[in-house]
Each structure stands twice: as C-alpha cells, then as structure tokens.
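Report on the following structure.
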Amino acid sequence: MRHAAVGIWLLSALVCAGRAHATVSDTAGQDTALDSSSTASAVSLVTAANKGFAYRLYKKLAAQPDSQGKNIFFSPASVSLALAALSVGARGETHQQLFSGLGFNGSVLTQTDVDQAFSTILERANKTNHEDCAEGTAIFLDNLFKPQPEFLETLKQSYLAEGFNVDFAKTTDSTNTINNYIAEKTNGKIDKLVDHLDPSTLMYLISYIYYKGKWATPFDPGLTQEDEFNVDENTKVQVQMMSMKKTLGVYFDKAINTSVLHLPFNSSYSMLLLLPDNMATLENAISPGHITKWLKWKKFRKYQIYVPKFSIKTYYKLNNVLTEMGITDIFGDRADLSGISPGQKVAVSEVVHQATLDVDEVGATAAGATGIGILPLSYHHPGVLKFNHPFIVAVIECKTENMLFFGKIVNPNQ
C-alpha cells in the first residue's frame, strides 16, 4: 500500500541581513507555566544540552566515510530546535530517545520545561538590538490534515510557529511555497531546500535561525592577498587571505596544542577559530567545557592574524547519524508520534540538513536548514596566527555560549 508522506522540515539560518519575525497567533501559553527562576534554570540546562549535542553530532559527521577530506559545517542550533519541536508530538520510548539524543535529562527537564526554554531563547534572539536576528518555526499543513490542536498550540506559543495551508497534491506549487518561505527567511542563502514532495505529504514543520554578523573590527580589503592554504601534506590551494594586526583575544590550549582566536561581531556574538597542530587530537578531545575555558582565559595581545576568505555549502542526510546517536524509533514502525496525529501512525522518513558559510572582510554570513520528512506507516602566545591549514570554526552567543554554527574548514575552495 502506498504511503502518504507527512513532512516535517526544520530550518535554521544565520545570514547577513535583517528580517522581522512574526508569529501566527497571540494565544495563551501552555497550561504549566514556569516561574522566572525555573525558566532560567531550564534555559541554562537546554543551552548546556545543545552544546553537548553540537559536539556529539560533529564527531558523528566527521566519522562518516563521505566526510573524509571534506569541509564540515552545520547548525547545531537548527537541528536541536528541529528535533525539540518534533518531540512536542512524540510519546513513550520515541520521546525518551529524542530527549536522550538531544542531551535533555528527562529526570530534570519535562517537555514543558523544554518548550518554555526555547520560547525564552527565541524571544531573546528576536529582541537583539545590535544585530539583525530572528528565530522561529513554520508549519505547512495539507488542507485535509488536522493535527492535534495541542501540538499546534505549543508550536505557536513556544516555538513561534507561523502556519500555512497548502495542497500537497500540487507538488510543484507546494514545493515552491516552502522554498520561497525558506529563501525569504535566509535572505536567499538557501533557496531550494526541498527538491521534491510526495503528493500525499500531510505536513512540513520548518524552524529557522536568521542572524546578521559584522566584525567588531573589520578587515581592511586592501590588505587581502593571494596566499597558499595547505589542505594536506600533498595539496595546496590558492586563497584570498585577509590579514589584520590588532590586539585580539587568543588562548593557546597546551593540552591539545590548539590556538583559539576570538573574533567578536558587533554585539554579544563571536566567531571562534581553532587552529590545531593536529586536527585529530582536537576532534577527539573537544567538549562543551572547552568554550567556557577559552572565553574565560583568553589573553589580549597584539597579533598579526591571517584568515582566508571563503564560501562553503554543505548538505547532509542525518538518518544514520541520528540513529547512531540513539534516536532510532522515529524512523520505523516503532515511532510514536501520536502527539501530532493520534488517529494515524506516522514515522520520520528522512532528516536532512543544509548549511552555508561565507567569511569576508566585513563579517560572516551563514545559513542552515534542517528537514525532517515523516511517513505514515502502514598558555603560549604566538605573535602570528595564520589559518593556512585545516581549522575549526564556531559561531556562538558569548553570554550563554549557545552555539549557532560549528564546523571544520578543510579546503576553503571546496
């Protein structure tokens, strides 16, 4: 018997252009409200879990055979937001696996706690004064599909969901509708997340993260010159190398022989560039506590730095990776997503993620999109820091250490 596809797509984007955010409704919050101290605790726990999830997901992506020798770049914030929104409709073992895979301690955090935490995180992001930043979700529903009202209400209230009715039987029109929405939210950085929709699709859920970042101290374009980047021992490529001589925050982590350059944007967000002597040593050792240490103990001194300009784009299908991380039931007959549609058993068909990153003299532009398709079932101070061999990049919010983007640049020209 043919399966009708229920798609849930979740989008995250970090791009250099501002965009106002609007929500579908102003309805009341969830029944169980958290006081301010409980909310702060939940936000802290969820943010900490998101950091841990970022590193676990990175290590799984780096270990994939098709990732060897390639750039890795993704938005852990996008994937976390996507799966957290999905967990609203999950029940039983499926819900436990999602919580565990995301790093949420089910004995400390309830679903309501997580919902409220994301509500606060999204609210803060949308109130940014110094940079253009917007986060939220959207739901595309087939005209004939009626999900649980409680599921929709939670997404609207806690995940700032916008809602749209579409006719998925008209695959071209519905595909264009979703792609146009994503393109608008990412300022055109991701304009074709969806290639093809099954005409029996019932729902797509999209999350997005949109951010504009300009360096607090821009690079001088007149100092950018062609230079060599060492991809590996046998491969060199020509890149446009930016340079700057300025007092900057740097930490040298002696335990893993890695120099960490802190490049702040013009508010509370920053990019961390990690230049290791040995990439494998860094990848094996890196953990959430490292960022806390690097930010706290960075030393300010005048450095001559060299950072390549680059533009990269990545695409991942995350089914196998998430399965390796313990999130297994959502993909098969054991899936319990009855919180979305109790009258029809559904399961996830695929989870895909797309991301882009552009770094130049003015700032950094990045975009990421995560899609989930669902089917019913029958102390060292280097005077010079030159990023001319593979390095790791992270975009974080410094106060909370929330990680928006993370990845490894093996070849800036790839």
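Following the order of the structure tokens, chains are lettered A, B, ..., residues in each are numbered from 1, and ligands are numbered from 1.
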
Can you write out as CSV which residues of segment 118-213 of chain A fall within 7 Å of segment 78-89 of chain A, alongside each residue's closest atom pair and its distance in Å to one decimal, counting only C-alpha atoms and ordering rows by chain and ascending residue number?
```
residue,atom,partner,partner_atom,distance
A:Phe151,CA,A:Gly89,CA,6.2
A:Leu155,CA,A:Ala85,CA,6.9
A:Ser207,CA,A:Ala82,CA,6.0
A:Tyr208,CA,A:Ser78,CA,6.8
A:Ile209,CA,A:Ser78,CA,6.8
```

Same residues, C-alpha atoms, output as a short mmCIF file (atom, residue, chain, number, x, y, z; two decimals), in the first residue's frame:
```cif
data_model
loop_
_atom_site.label_atom_id
_atom_site.label_comp_id
_atom_site.auth_asym_id
_atom_site.auth_seq_id
_atom_site.Cartn_x
_atom_site.Cartn_y
_atom_site.Cartn_z
CA PHE A 151 0.53 20.20 19.20
CA LEU A 155 4.44 25.19 18.44
CA SER A 207 12.42 26.02 12.01
CA TYR A 208 14.72 28.87 11.10
CA ILE A 209 17.50 30.85 12.71
#
```

Show me, as a compact mmCIF listing (two decimals) with C-alpha atoms, in the first residue's frame, the residues that have an atom within 6 Å of segment 302-312 of chain A when counting only C-alpha atoms, minus same-chain residues fewer than 2 positions from it.
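The result, written out as part-v8.txt:
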```txt
# COMPACT_ATOMS: atom_id res chain seq x y z
CA GLN A 240 42.34 35.17 -0.74
CA MET A 241 43.97 35.65 2.67
CA MET A 242 42.70 38.51 4.82
CA SER A 243 45.06 39.99 7.38
CA MET A 244 44.94 42.26 10.40
CA LYS A 245 47.35 43.46 13.07
CA LYS A 246 45.43 44.26 16.21
CA THR A 247 45.06 43.49 19.91
CA THR A 356 26.28 27.66 4.02
CA LEU A 357 29.05 29.88 5.38
CA ASP A 358 30.67 32.96 3.85
CA VAL A 359 33.53 34.77 5.58
CA ASP A 360 34.91 38.06 4.27
CA GLY A 383 52.89 36.52 17.59
CA VAL A 384 51.38 35.42 14.27
CA LEU A 385 48.27 33.31 13.74
CA LYS A 386 47.91 32.12 10.17
CA PHE A 387 44.94 29.95 9.35
CA PRO A 412 38.28 26.97 1.65
```

Give the answer as one residue: which of A:Asn388, A:Thr175, A:Asn165, A:Asn320 has the shortest atom-to-atom distance to Leu275 of chain A, using only C-alpha atoms?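 So, comparing all the options, the nearest one is A:Asn388.
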
Excluding Tyr251 of chain A and residues on its chain fewer than 4 positions from it, collect all residues at most 9 Å away from it, counting only C-alpha atoms, and give them as a count of residues only. 15

So which bits of segment 90-128 of chain A end up alpha helix (DSSP H) when you DSSP the backbone, as a list in words?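 Matching residues, listed in order: Gly92, Glu93, Thr94, His95, Gln96, Gln97, Leu98, Phe99, Ser100, Gly101, Leu102, Gln111, Thr112, Asp113, Val114, Asp115, Gln116, Ala117, Phe118, Ser119, Thr120, Ile121, Leu122, Glu123, Arg124, Ala125 and Asn126 of chain A.
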
Write to file, as a compact mmCIF listing (two decimals), in the first residue's frame, the residues of the selection just made, with N, CA and C atoms.
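Output saved as result.txt:
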```txt
# COMPACT_ATOMS: atom_id res chain seq x y z
N GLY A 92 6.09 8.24 24.67
CA GLY A 92 6.70 6.97 25.05
C GLY A 92 8.19 6.90 24.79
N GLU A 93 8.63 5.74 24.30
CA GLU A 93 10.05 5.49 24.04
C GLU A 93 10.60 6.43 22.96
N THR A 94 9.76 6.78 22.00
CA THR A 94 10.19 7.71 20.95
C THR A 94 10.56 9.06 21.56
N HIS A 95 9.75 9.52 22.49
CA HIS A 95 10.03 10.79 23.16
C HIS A 95 11.31 10.68 24.00
N GLN A 96 11.46 9.58 24.70
CA GLN A 96 12.66 9.38 25.53
C GLN A 96 13.92 9.39 24.68
N GLN A 97 13.86 8.76 23.52
CA GLN A 97 15.03 8.73 22.64
C GLN A 97 15.38 10.12 22.13
N LEU A 98 14.37 10.90 21.77
CA LEU A 98 14.63 12.26 21.32
C LEU A 98 15.25 13.09 22.44
N PHE A 99 14.71 12.99 23.63
CA PHE A 99 15.26 13.73 24.77
C PHE A 99 16.69 13.30 25.06
N SER A 100 16.92 12.01 25.09
CA SER A 100 18.26 11.50 25.38
C SER A 100 19.24 11.90 24.29
N GLY A 101 18.81 11.76 23.03
CA GLY A 101 19.69 12.12 21.92
C GLY A 101 20.05 13.59 21.90
N LEU A 102 19.12 14.44 22.33
CA LEU A 102 19.36 15.88 22.39
C LEU A 102 20.15 16.27 23.64
N GLN A 111 8.84 18.11 29.06
CA GLN A 111 8.61 18.71 27.75
C GLN A 111 8.21 20.17 27.90
N THR A 112 7.41 20.47 28.92
CA THR A 112 7.00 21.85 29.15
C THR A 112 8.20 22.73 29.48
N ASP A 113 9.14 22.20 30.25
CA ASP A 113 10.37 22.94 30.55
C ASP A 113 11.13 23.27 29.26
N VAL A 114 11.27 22.27 28.41
CA VAL A 114 12.00 22.46 27.16
C VAL A 114 11.28 23.48 26.27
N ASP A 115 9.95 23.34 26.19
CA ASP A 115 9.17 24.29 25.39
C ASP A 115 9.37 25.71 25.90
N GLN A 116 9.28 25.89 27.21
CA GLN A 116 9.43 27.22 27.78
C GLN A 116 10.84 27.76 27.58
N ALA A 117 11.83 26.87 27.67
CA ALA A 117 13.22 27.30 27.46
C ALA A 117 13.41 27.81 26.03
N PHE A 118 12.89 27.07 25.06
CA PHE A 118 13.03 27.52 23.67
C PHE A 118 12.23 28.80 23.43
N SER A 119 11.10 28.93 24.10
CA SER A 119 10.33 30.17 23.99
C SER A 119 11.17 31.36 24.44
N THR A 120 11.88 31.19 25.56
CA THR A 120 12.72 32.26 26.08
C THR A 120 13.91 32.53 25.17
N ILE A 121 14.54 31.45 24.69
CA ILE A 121 15.70 31.59 23.80
C ILE A 121 15.30 32.34 22.52
N LEU A 122 14.17 31.95 21.94
CA LEU A 122 13.71 32.60 20.71
C LEU A 122 13.31 34.04 20.97
N GLU A 123 12.67 34.29 22.10
CA GLU A 123 12.26 35.65 22.45
C GLU A 123 13.47 36.57 22.58
N ARG A 124 14.52 36.08 23.24
CA ARG A 124 15.74 36.88 23.39
C ARG A 124 16.39 37.16 22.05
N ALA A 125 16.45 36.15 21.21
CA ALA A 125 17.10 36.32 19.91
C ALA A 125 16.37 37.36 19.07
N ASN A 126 15.06 37.36 19.15
CA ASN A 126 14.28 38.29 18.34
C ASN A 126 14.28 39.71 18.88
```

Atomic distance atom CA of Ser75 of chain A - atom CA of Ala355 of chain A, expressed in Å with one decimal: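 It comes out at 7.1 Å.
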
Find the residue from A:Pro288, A:Glu350, A:Leu272, A:Val237 that sits nearest to Val321 of chain A; use only C-alpha atoms when measuring. A:Glu350

Backbone DSSP call of strand (DSSP E) for segment 32-251 of chain A, listed as a PyMOL selection string: chain A and resi 72-74+133-142+161-166+203-211+213-214+225-232+235-251

Each residue of segment 262-362 of chain A lying at most 8 Å from segment 58-62 of chain A should get a row with its shortest atom-to-atom pair and the distance in Å to one decimal, counting only C-alpha atoms; could you produce that, ordered by chain and increasing number, as a Markdown table?
```
| residue | atom | partner | partner_atom | distance |
| --- | --- | --- | --- | --- |
| A:Glu283 | CA | A:Lys59 | CA | 7.1 |
| A:Asn284 | CA | A:Lys59 | CA | 7.9 |
| A:Val321 | CA | A:Lys60 | CA | 6.2 |
| A:Glu324 | CA | A:Lys60 | CA | 7.9 |
```

Please produce a file of the residues just selected, as a compact mmCIF listing (two decimals), in the first residue's frame, where the atoms kept are C-alpha atoms.
```txt
# COMPACT_ATOMS: atom_id res chain seq x y z
CA GLU A 283 38.47 16.49 17.28
CA ASN A 284 38.88 13.66 19.78
CA VAL A 321 23.90 9.76 12.20
CA GLU A 324 23.95 6.15 15.85
```

Pick out the closest residue to Asn180 of chain A from this set: A:Val194, A:Leu160, A:Ser37, A:Val393. Count only C-alpha atoms. A:Val194

Enter the distance from atom CA of Ala335 of chain A to atom CA of Val348 of chain A, in Å, rounded to one decimal.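 For atom CA of Ala335 of chain A relative to atom CA of Val348 of chain A, the distance reads 7.9 Å.
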